[in-house]
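Novice: Sharing start-v1.cif here; it has mmCIF, C-alpha atoms and all ligand atoms.
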```cif
data_data
#
loop_
_atom_site.label_atom_id
_atom_site.label_comp_id
_atom_site.auth_asym_id
_atom_site.auth_seq_id
_atom_site.Cartn_x
_atom_site.Cartn_y
_atom_site.Cartn_z
CA MET O 29 0.00 0.00 0.00
CA ASN O 30 1.20 3.48 -0.88
CA THR O 31 1.18 5.85 2.11
CA VAL O 32 0.60 9.53 1.39
CA ILE O 33 1.21 12.43 3.78
CA GLY O 34 -1.12 15.39 3.19
CA SER O 35 -3.47 17.91 4.72
CA ASP O 36 -6.73 16.97 2.95
CA ILE O 37 -9.28 16.45 5.72
CA HIS O 38 -12.01 15.39 3.23
CA LEU O 39 -9.77 12.67 1.83
CA ALA O 40 -8.89 11.46 5.34
CA ALA O 41 -12.61 11.31 6.17
CA SER O 42 -13.39 9.30 3.04
CA PHE O 43 -10.74 6.68 3.89
CA LEU O 44 -12.23 6.39 7.38
CA ARG O 45 -15.76 5.96 5.93
CA GLU O 46 -14.39 3.07 3.85
CA GLY O 47 -13.23 1.41 7.08
CA LYS O 48 -9.56 2.20 6.48
CA LEU O 49 -7.03 3.61 8.96
CA ILE O 50 -5.27 6.97 8.83
CA GLY O 51 -2.61 8.82 10.83
CA MET O 52 -4.33 11.61 12.76
CA PRO O 53 -2.71 14.63 14.42
CA THR O 54 -3.81 15.49 17.93
CA GLU O 55 -2.37 18.04 20.34
CA THR O 56 -0.71 15.24 22.37
CA VAL O 57 0.72 12.70 19.91
CA TYR O 58 -0.33 11.33 16.51
CA GLY O 59 -2.97 8.62 16.57
CA LEU O 60 -3.64 5.61 14.35
CA ALA O 61 -7.33 6.24 13.75
CA GLY O 62 -10.21 4.06 12.60
CA ASN O 63 -14.01 3.86 12.95
CA ALA O 64 -14.53 2.95 16.62
CA LEU O 65 -17.94 1.40 15.89
CA LEU O 66 -16.66 -0.91 13.14
CA GLU O 67 -15.07 -4.09 14.47
CA SER O 68 -12.98 -4.79 11.37
CA ALA O 69 -11.38 -1.34 11.51
CA VAL O 70 -10.63 -1.73 15.22
CA LEU O 71 -9.09 -5.17 14.64
CA ASN O 72 -6.93 -3.64 11.95
CA ILE O 73 -5.62 -1.06 14.44
CA PHE O 74 -4.43 -3.83 16.78
CA LYS O 75 -2.84 -5.66 13.85
CA THR O 76 -1.11 -2.62 12.36
CA LYS O 77 0.34 -1.57 15.72
CA GLU O 78 1.17 -5.15 16.71
CA ARG O 79 -0.66 -4.29 19.88
CA PRO O 80 -1.91 -7.07 22.19
CA GLU O 81 -5.71 -7.22 22.22
CA PHE O 82 -5.78 -6.96 26.03
CA ASP O 83 -4.73 -3.29 25.75
CA PRO O 84 -7.87 -1.16 25.16
CA LEU O 85 -8.15 1.87 22.84
CA ILE O 86 -9.19 5.48 23.46
CA VAL O 87 -12.31 6.63 21.58
CA HIS O 88 -12.11 10.19 20.22
CA VAL O 89 -15.32 12.22 20.10
CA LYS O 90 -16.25 15.56 18.54
CA SER O 91 -18.15 17.12 21.43
CA ILE O 92 -19.15 16.83 25.08
CA ASP O 93 -22.67 15.86 23.93
CA GLU O 94 -21.28 12.63 22.46
CA VAL O 95 -20.40 11.31 25.91
CA SER O 96 -23.99 10.38 26.74
CA LYS O 97 -24.20 8.52 23.41
CA TYR O 98 -21.59 5.96 24.49
CA ALA O 99 -21.58 6.04 28.31
CA THR O 100 -24.39 4.79 30.55
CA SER O 101 -23.72 7.34 33.31
CA VAL O 102 -21.43 10.27 34.02
CA PRO O 103 -20.36 11.18 37.57
CA GLU O 104 -20.60 14.87 38.53
CA GLU O 105 -16.80 15.18 38.93
CA ILE O 106 -16.24 14.00 35.38
CA TYR O 107 -18.77 16.47 34.00
CA LYS O 108 -16.95 19.28 35.76
CA LEU O 109 -13.62 18.14 34.33
CA ILE O 110 -14.73 17.82 30.72
CA GLU O 111 -16.60 21.12 30.83
CA ARG O 112 -13.39 22.76 31.95
CA PHE O 113 -10.74 20.85 29.97
CA TRP O 114 -12.32 19.58 26.73
CA PRO O 115 -11.22 19.77 24.02
CA GLY O 116 -7.84 18.89 25.52
CA PRO O 117 -5.37 16.26 26.77
CA LEU O 118 -7.79 14.58 29.20
CA THR O 119 -9.18 11.05 28.69
CA ILE O 120 -12.03 9.88 30.93
CA LEU O 121 -13.12 6.35 31.80
CA LEU O 122 -16.88 5.75 31.87
CA PRO O 123 -19.19 2.70 31.87
CA LYS O 124 -19.84 1.90 28.21
CA ASN O 125 -23.03 0.98 26.41
CA GLU O 126 -23.50 -1.60 23.63
CA LEU O 127 -22.64 0.81 20.79
CA ILE O 128 -18.94 0.46 21.66
CA PRO O 129 -17.69 -2.94 20.44
CA ASP O 130 -16.09 -5.08 23.18
CA ILE O 131 -12.86 -5.28 21.19
CA VAL O 132 -12.35 -1.50 21.64
CA THR O 133 -12.24 -1.87 25.44
CA SER O 134 -10.59 -5.30 25.48
CA GLY O 135 -13.71 -6.66 27.13
CA LEU O 136 -13.72 -4.09 29.98
CA ASP O 137 -17.04 -2.50 31.00
CA SER O 138 -15.56 1.00 30.76
CA VAL O 139 -14.67 3.03 27.70
CA ALA O 140 -11.95 5.68 27.49
CA LEU O 141 -13.25 8.89 25.82
CA ARG O 142 -11.38 11.99 24.75
CA MET O 143 -12.15 15.12 22.73
CA PRO O 144 -8.85 16.19 21.16
CA ALA O 145 -7.93 19.89 20.85
CA HIS O 146 -6.10 19.78 17.51
CA PRO O 147 -8.16 21.82 14.99
CA MET O 148 -7.64 19.28 12.18
CA ALA O 149 -8.69 16.37 14.40
CA LEU O 150 -11.85 18.26 15.37
CA GLN O 151 -12.67 19.16 11.77
CA LEU O 152 -12.16 15.53 10.80
CA LEU O 153 -14.44 14.27 13.58
CA GLN O 154 -17.10 16.80 12.61
CA GLN O 155 -17.23 15.31 9.10
CA LEU O 156 -17.91 11.80 10.43
CA ASP O 157 -20.97 10.21 11.96
CA PHE O 158 -18.86 7.84 14.08
CA PRO O 159 -16.14 8.39 16.73
CA LEU O 160 -12.51 7.40 16.15
CA ALA O 161 -10.58 4.74 18.03
CA ALA O 162 -6.97 5.86 18.03
CA PRO O 163 -3.97 4.62 19.95
CA SER O 164 -0.67 6.42 19.50
CA ALA O 165 0.58 5.69 15.96
CA ASN O 166 3.73 3.77 16.87
CA PRO O 167 4.53 0.06 16.95
CA PHE O 168 3.54 -1.25 20.40
CA GLY O 169 6.07 -0.36 23.09
CA TYR O 170 8.03 2.16 21.00
CA ILE O 171 8.24 5.95 21.32
CA SER O 172 5.04 7.85 20.42
CA PRO O 173 5.07 9.99 17.22
CA THR O 174 4.80 13.77 17.43
CA THR O 175 5.10 14.56 13.69
CA ALA O 176 3.55 13.08 10.53
CA ARG O 177 7.04 12.03 9.48
CA HIS O 178 7.45 9.93 12.65
CA VAL O 179 4.27 8.05 11.71
CA PHE O 180 5.46 7.59 8.14
CA ASP O 181 8.89 6.30 9.24
CA GLN O 182 7.33 3.41 11.13
CA LEU O 183 3.97 2.67 9.55
CA GLN O 184 4.46 3.47 5.85
CA GLY O 185 2.87 0.86 3.64
CA LYS O 186 0.39 -0.10 6.36
CA LEU O 187 -2.10 2.78 5.95
CA PRO O 188 -3.18 4.89 2.96
CA TYR O 189 -3.02 8.36 4.46
CA ILE O 190 -1.36 10.44 7.19
CA LEU O 191 -3.04 13.76 7.93
CA ASP O 192 -0.25 16.26 8.56
CA GLY O 193 -1.06 18.66 11.37
CA GLY O 194 2.50 19.75 12.12
CA GLN O 195 4.34 19.15 15.36
CA CYS O 196 2.12 18.21 18.32
CA SER O 197 1.77 21.17 20.68
CA VAL O 198 1.67 19.16 23.94
CA GLY O 199 3.96 16.26 23.06
CA VAL O 200 3.01 13.70 25.73
CA GLU O 201 -0.14 11.54 25.77
CA SER O 202 -3.36 12.57 27.49
CA THR O 203 -3.95 12.20 31.22
CA ILE O 204 -6.30 9.27 31.93
CA PHE O 205 -8.86 9.85 34.68
CA GLY O 206 -11.68 7.81 36.19
CA MET O 207 -13.84 7.35 39.29
CA GLU O 208 -13.87 4.09 41.24
CA GLU O 209 -16.44 3.80 44.04
CA GLY O 210 -16.38 7.56 44.57
CA ARG O 211 -12.57 7.79 44.47
CA ALA O 212 -10.99 10.07 41.86
CA ILE O 213 -8.05 8.32 40.18
CA ILE O 214 -5.45 9.26 37.58
CA TYR O 215 -4.38 6.10 35.72
CA ARG O 216 -1.84 7.78 33.47
CA VAL O 217 -0.16 11.10 34.15
CA GLY O 218 -0.05 13.08 30.93
CA GLY O 219 -0.63 16.33 29.09
CA LEU O 220 -3.10 17.75 31.62
CA PRO O 221 -1.19 18.33 34.89
CA VAL O 222 -2.49 16.78 38.13
CA ASP O 223 -2.79 20.25 39.75
CA ALA O 224 -5.16 21.36 37.00
CA ILE O 225 -7.49 18.44 37.78
CA GLU O 226 -7.20 19.03 41.54
CA SER O 227 -8.07 22.71 41.11
CA VAL O 228 -11.51 21.61 39.88
CA ILE O 229 -12.41 18.52 41.96
CA GLY O 230 -9.91 18.45 44.85
CA LYS O 231 -7.40 15.75 45.78
CA VAL O 232 -6.97 12.79 43.43
CA GLU O 233 -5.04 9.51 43.68
CA ILE O 234 -2.36 8.67 41.16
CA GLN O 235 -2.10 5.00 40.25
CA SER O 236 -0.16 5.28 37.05
CA ASN O 237 3.07 3.83 38.39
CA ILE O 238 1.54 0.43 39.03
CA SER O 239 2.67 -1.78 36.18
CA SER O 240 0.00 -4.42 36.76
CA ASN O 241 -2.92 -2.01 37.02
CA PRO O 242 -5.90 -4.03 35.81
CA ARG O 243 -7.83 -0.92 34.74
CA ALA O 244 -5.10 0.32 32.44
CA PRO O 245 -3.38 -2.80 31.16
CA GLY O 246 -1.39 -0.72 28.70
CA MET O 247 0.50 1.05 31.42
CA LEU O 248 3.30 -1.47 31.24
CA LYS O 249 6.54 -0.77 33.05
CA SER O 250 8.58 -0.84 29.88
CA HIS O 251 7.00 1.37 27.25
CA TYR O 252 7.90 4.38 25.12
CA ALA O 253 11.26 2.63 24.84
CA PRO O 254 14.07 3.29 22.36
CA THR O 255 15.95 0.29 20.98
CA LYS O 256 19.26 1.56 22.39
CA PRO O 257 20.13 0.96 26.06
CA MET O 258 18.47 3.68 28.14
CA TYR O 259 19.06 4.64 31.77
CA PHE O 260 16.95 7.03 33.85
CA ASP O 261 18.26 7.95 37.27
CA GLU O 262 19.58 10.69 39.56
CA PRO O 263 22.80 12.41 38.31
CA GLU O 264 24.83 10.80 41.16
CA VAL O 265 23.83 7.34 39.97
CA ILE O 266 24.31 8.08 36.25
CA ARG O 267 27.77 9.46 37.00
CA LYS O 268 28.80 6.17 38.63
CA LEU O 269 27.50 3.87 35.88
CA LYS O 270 30.41 2.13 34.19
CA LEU O 271 29.27 2.42 30.59
CA SER O 272 31.56 2.18 27.62
CA GLY O 273 31.03 4.06 24.36
CA LYS O 274 29.43 7.35 23.43
CA GLY O 275 26.63 8.53 25.68
CA ALA O 276 23.83 11.08 25.30
CA LEU O 277 22.29 12.79 28.33
CA ILE O 278 18.72 14.10 28.22
CA CYS O 279 18.20 16.87 30.78
CA PHE O 280 15.87 19.81 31.44
CA ASN O 281 18.11 22.82 30.76
CA ARG O 282 21.83 23.07 30.16
CA MET O 283 23.78 22.45 33.35
CA GLU O 284 27.15 22.21 34.98
CA THR O 285 27.97 18.55 35.47
CA ASP O 286 30.85 16.13 35.43
CA ILE O 287 28.81 13.51 33.59
CA PRO O 288 30.94 12.86 30.50
CA TYR O 289 28.09 12.56 27.98
CA THR O 290 26.78 14.95 25.34
CA GLN O 291 23.92 17.00 26.78
CA PHE O 292 20.52 17.30 25.10
CA PRO O 293 18.58 19.89 27.10
CA LEU O 294 14.86 19.73 26.24
CA SER O 295 14.29 23.40 27.10
CA SER O 296 17.25 25.75 27.39
CA ASN O 297 15.15 28.34 29.22
CA GLY O 298 13.63 25.84 31.63
CA ASN O 299 10.07 25.62 30.34
CA LEU O 300 8.34 22.30 31.06
CA GLU O 301 5.80 22.70 28.22
CA GLU O 302 8.64 23.13 25.74
CA ALA O 303 10.48 20.17 27.25
CA ALA O 304 7.39 17.94 26.89
CA ARG O 305 7.00 19.03 23.27
CA ASN O 306 10.61 18.03 22.50
CA LEU O 307 10.75 14.81 24.52
CA PHE O 308 9.73 12.10 22.04
CA ALA O 309 11.39 13.71 19.00
CA THR O 310 14.68 13.86 20.94
CA LEU O 311 14.38 10.23 22.04
CA ARG O 312 13.79 9.18 18.42
CA LEU O 313 16.67 11.28 17.16
CA LEU O 314 19.06 9.77 19.70
CA ASP O 315 17.81 6.28 18.98
CA LYS O 316 18.73 6.76 15.29
CA SER O 317 22.04 8.52 16.02
CA ASP O 318 25.48 6.99 16.58
CA PHE O 319 25.35 7.28 20.37
CA ASP O 320 25.78 3.91 22.06
CA PHE O 321 23.39 4.58 24.92
CA ILE O 322 20.96 7.21 26.24
CA CYS O 323 20.82 8.53 29.80
CA ALA O 324 18.27 10.85 31.34
CA ILE O 325 18.01 12.55 34.70
CA PRO O 326 14.79 13.52 36.51
CA PHE O 327 12.86 16.70 35.68
CA PRO O 328 11.12 18.79 38.36
CA GLU O 329 8.05 16.85 39.61
CA THR O 330 5.72 19.78 38.93
CA GLY O 331 3.26 20.47 36.08
CA LEU O 332 4.20 18.48 32.98
CA GLY O 333 7.40 17.36 34.72
CA LYS O 334 5.45 14.45 36.24
CA ALA O 335 4.48 13.13 32.79
CA ILE O 336 8.00 13.66 31.42
CA ASN O 337 9.51 11.69 34.32
CA ASP O 338 6.91 8.94 33.89
CA ARG O 339 7.77 8.51 30.19
CA LEU O 340 11.53 8.60 30.84
CA ARG O 341 11.17 6.04 33.64
CA ARG O 342 9.25 3.67 31.36
CA ALA O 343 11.65 4.32 28.47
CA GLY O 344 14.42 3.24 30.84
CA GLY O 345 12.49 0.02 31.49
O1 LIG O 401 -3.02 11.39 23.99
C1 LIG O 401 -3.49 10.28 23.82
O2 LIG O 401 -4.20 9.73 24.67
C2 LIG O 401 -3.19 9.58 22.49
C3 LIG O 401 -3.85 10.34 21.36
C4 LIG O 401 -3.72 9.66 20.04
O3 LIG O 401 -5.19 10.59 21.68
N1 LIG O 401 -3.61 8.23 22.53
C5 LIG O 401 -2.97 7.27 23.27
O4 LIG O 401 -3.47 5.99 23.11
O5 LIG O 401 -2.02 7.51 24.00
P1 LIG O 401 -2.72 4.69 23.59
O6 LIG O 401 -3.53 3.57 23.07
O7 LIG O 401 -1.30 4.73 23.19
O8 LIG O 401 -2.86 4.70 25.14
C6 LIG O 401 -4.15 4.52 25.68
C7 LIG O 401 -4.09 4.05 27.12
C8 LIG O 401 -3.59 2.64 27.24
O9 LIG O 401 -2.63 2.58 28.26
C9 LIG O 401 -4.83 1.86 27.64
O10 LIG O 401 -4.54 0.78 28.48
C10 LIG O 401 -5.68 2.91 28.33
O11 LIG O 401 -5.42 4.07 27.62
N2 LIG O 401 -7.10 2.60 28.19
C11 LIG O 401 -7.85 2.67 27.08
N3 LIG O 401 -9.12 2.26 27.32
C12 LIG O 401 -9.16 1.94 28.62
C13 LIG O 401 -10.19 1.45 29.48
N4 LIG O 401 -11.42 1.21 29.05
N5 LIG O 401 -9.87 1.24 30.76
C14 LIG O 401 -8.62 1.48 31.22
N6 LIG O 401 -7.60 1.93 30.47
C15 LIG O 401 -7.87 2.16 29.19
MG MG O 402 0.71 4.51 23.19
#
```
In structure tokens, what does this structure look like?
Specialist:
Amino acid sequence: MNTVIGSDIHLAASFLREGKLIGMPTETVYGLAGNALLESAVLNIFKTKERPEFDPLIVHVKSIDEVSKYATSVPEEIYKLIERFWPGPLTILLPKNELIPDIVTSGLDSVALRMPAHPMALQLLQQLDFPLAAPSANPFGYISPTTARHVFDQLQGKLPYILDGGQCSVGVESTIFGMEEGRAIIYRVGGLPVDAIESVIGKVEIQSNISSNPRAPGMLKSHYAPTKPMYFDEPEVIRKLKLSGKGALICFNRMETDIPYTQFPLSSNGNLEEAARNLFATLRLLDKSDFDFICAIPFPETGLGKAINDRLRRAGG
């Protein structure tokens, strides 16, 4: 199959109506999108990504009104959050109805819903009378794509079209949120900071570091991983590692250090949003470069720093 990169939203919509898959820009990362209500399209997503079928998909919707079309009930807290943060990098878990095929949720009773903020994604959704299932458009376990080119590099030949929406403005995946017996829980830290959620509904629990979390089976300990050896630890520990060869060091801003590796600061002026935006592209670049291994040291645990540290920790296995 010939894969074309372009910005024709009508063409992208017509492929999706035919049950085919496309690369879709969102503000977080690029998705591999297909008709969420069509089992054959959903199966094809799992196949194309080589993703295990026990790892459920996020369903992308065009408006808040769509939520009641696919969920049987919506807790008050979740209404408050989507009214405040949609469209945006927030995915919510809700009890699903029979319109959502079981394969989308890997047999779970809940469905993950998100309204993306990228203007092209929204225009695309508005042209369709079905929502879009879309995992990140990378082979399972690898680094998520933040440009159309990243999608092309790994999935060319497997889908007809990649809608080019430029570089993703957030750069890390959405925050996944749900309610369990009245408890507010974040299952994946992501593009919407924890403080933002807490400013609307108060204290929440974070469970995203549990590798065997049954409600988010995709949150595996090793994920977002480059093929090169990768180490994520405090500078003192990195300094003492006895590694031979050429090393790259991912850090927040440029710094004084006696770590003998080439520095790759993700934001020279210390801006966590900019760092998040650059994270996956830098990991990909280093993975393709002639460095022998990649090291990274922790970012501040505030705002998007939490999501950056989470991805680096998983990338380090
Ligand atoms: O920002 C994002 O969320 C991107 C863009 C494309 O929207 N999508 C994304 O999808 O990151 P994916 O498939 O790479 O990650 C989705 C995560 C997985 O860890 C999966 O386990 C979890 O969401 N998930 C999906 N449906 C779920 C459900 N019903 N219950 C619990 N976890 C769910
Ligand atoms: Mg993913």
Novice: At a cut-off of 12 Å from (-12.2, 23.7, 30.7) in the coordinates of the file, what residues are picked up using all atoms listed in the file, written as a PyMOL selection string?
Specialist: chain O and resi 92+106-118+143+145+220+224-225+227-228
Novice: O:Thr119, O:Gln155, O:Ser272, O:Thr255: which is nearest Tyr170 in chain O, counting all atoms listed in the file?
Specialist: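 Checking each of O:Thr119, O:Gln155, O:Ser272, O:Thr255 against Tyr170 in chain O, counting all atoms listed in the file, the winner is O:Thr255.
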Novice: Which residues of chain O have any atom within 12 Å of an atom in ligand MG 402 (chain O) when counting all atoms listed in the file, and what is the closest pair of atoms for each, with the distance in Å to one decimal? Order the rows by chain and rising number and write it as JSON lines.
Specialist:
```
{"residue": "O:Thr56", "atom": "CA", "partner": "O:MG402", "partner_atom": "MG", "distance": 10.9}
{"residue": "O:Val57", "atom": "CA", "partner": "O:MG402", "partner_atom": "MG", "distance": 8.8}
{"residue": "O:Tyr58", "atom": "CA", "partner": "O:MG402", "partner_atom": "MG", "distance": 9.6}
{"residue": "O:Gly59", "atom": "CA", "partner": "O:MG402", "partner_atom": "MG", "distance": 8.6}
{"residue": "O:Leu60", "atom": "CA", "partner": "O:MG402", "partner_atom": "MG", "distance": 9.9}
{"residue": "O:Phe74", "atom": "CA", "partner": "O:MG402", "partner_atom": "MG", "distance": 11.7}
{"residue": "O:Lys77", "atom": "CA", "partner": "O:MG402", "partner_atom": "MG", "distance": 9.6}
{"residue": "O:Glu78", "atom": "CA", "partner": "O:MG402", "partner_atom": "MG", "distance": 11.6}
{"residue": "O:Arg79", "atom": "CA", "partner": "O:MG402", "partner_atom": "MG", "distance": 9.5}
{"residue": "O:Pro80", "atom": "CA", "partner": "O:MG402", "partner_atom": "MG", "distance": 11.9}
{"residue": "O:Asp83", "atom": "CA", "partner": "O:MG402", "partner_atom": "MG", "distance": 9.8}
{"residue": "O:Pro84", "atom": "CA", "partner": "O:MG402", "partner_atom": "MG", "distance": 10.5}
{"residue": "O:Leu85", "atom": "CA", "partner": "O:MG402", "partner_atom": "MG", "distance": 9.3}
{"residue": "O:Ile86", "atom": "CA", "partner": "O:MG402", "partner_atom": "MG", "distance": 10.0}
{"residue": "O:Ala162", "atom": "CA", "partner": "O:MG402", "partner_atom": "MG", "distance": 9.4}
{"residue": "O:Pro163", "atom": "CA", "partner": "O:MG402", "partner_atom": "MG", "distance": 5.7}
{"residue": "O:Ser164", "atom": "CA", "partner": "O:MG402", "partner_atom": "MG", "distance": 4.4}
{"residue": "O:Ala165", "atom": "CA", "partner": "O:MG402", "partner_atom": "MG", "distance": 7.3}
{"residue": "O:Asn166", "atom": "CA", "partner": "O:MG402", "partner_atom": "MG", "distance": 7.0}
{"residue": "O:Pro167", "atom": "CA", "partner": "O:MG402", "partner_atom": "MG", "distance": 8.6}
{"residue": "O:Phe168", "atom": "CA", "partner": "O:MG402", "partner_atom": "MG", "distance": 7.0}
{"residue": "O:Gly169", "atom": "CA", "partner": "O:MG402", "partner_atom": "MG", "distance": 7.2}
{"residue": "O:Tyr170", "atom": "CA", "partner": "O:MG402", "partner_atom": "MG", "distance": 8.0}
{"residue": "O:Ile171", "atom": "CA", "partner": "O:MG402", "partner_atom": "MG", "distance": 7.9}
{"residue": "O:Ser172", "atom": "CA", "partner": "O:MG402", "partner_atom": "MG", "distance": 6.1}
{"residue": "O:Pro173", "atom": "CA", "partner": "O:MG402", "partner_atom": "MG", "distance": 9.2}
{"residue": "O:Thr174", "atom": "CA", "partner": "O:MG402", "partner_atom": "MG", "distance": 11.6}
{"residue": "O:Val200", "atom": "CA", "partner": "O:MG402", "partner_atom": "MG", "distance": 9.8}
{"residue": "O:Glu201", "atom": "CA", "partner": "O:MG402", "partner_atom": "MG", "distance": 7.5}
{"residue": "O:Ser202", "atom": "CA", "partner": "O:MG402", "partner_atom": "MG", "distance": 10.0}
{"residue": "O:Arg216", "atom": "CA", "partner": "O:MG402", "partner_atom": "MG", "distance": 11.1}
{"residue": "O:Gly218", "atom": "CA", "partner": "O:MG402", "partner_atom": "MG", "distance": 11.6}
{"residue": "O:Ala244", "atom": "CA", "partner": "O:MG402", "partner_atom": "MG", "distance": 11.7}
{"residue": "O:Pro245", "atom": "CA", "partner": "O:MG402", "partner_atom": "MG", "distance": 11.6}
{"residue": "O:Gly246", "atom": "CA", "partner": "O:MG402", "partner_atom": "MG", "distance": 7.9}
{"residue": "O:Met247", "atom": "CA", "partner": "O:MG402", "partner_atom": "MG", "distance": 8.9}
{"residue": "O:Leu248", "atom": "CA", "partner": "O:MG402", "partner_atom": "MG", "distance": 10.4}
{"residue": "O:Ser250", "atom": "CA", "partner": "O:MG402", "partner_atom": "MG", "distance": 11.6}
{"residue": "O:His251", "atom": "CA", "partner": "O:MG402", "partner_atom": "MG", "distance": 8.1}
{"residue": "O:Tyr252", "atom": "CA", "partner": "O:MG402", "partner_atom": "MG", "distance": 7.4}
{"residue": "O:Ala253", "atom": "CA", "partner": "O:MG402", "partner_atom": "MG", "distance": 10.8}
{"residue": "O:Phe308", "atom": "CA", "partner": "O:MG402", "partner_atom": "MG", "distance": 11.8}
{"residue": "O:Arg339", "atom": "CA", "partner": "O:MG402", "partner_atom": "MG", "distance": 10.7}
{"residue": "O:Arg342", "atom": "CA", "partner": "O:MG402", "partner_atom": "MG", "distance": 11.8}
```
Novice: May I ask which of the residues O:Glu208, O:Glu46, O:Glu94, O:Glu104 is the closest one to ligand LIG 401 (chain O), counting all atoms listed in the file?
Specialist: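 When distances to ligand LIG 401 (chain O) are compared using all atoms listed in the file, the smallest one comes from O:Glu208.
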Novice: Between CA of Ser197 in chain O and atom N4 of ligand LIG 401 (chain O), what distance in Å does the model show, to one decimal?
Specialist: 25.3 Å
Novice: Please put the answer as AutoDock Vina command-line options: centre and edge lengths, in Å with one decimal, of a box along x, y and z that encloses all listed atoms of ligand LIG 401 (chain O) plus 6 Å on each side.
Specialist:
```
--center_x -6.4 --center_y 6.1 --center_z 25.6 --size_x 22.1 --size_y 22.6 --size_z 23.2
```
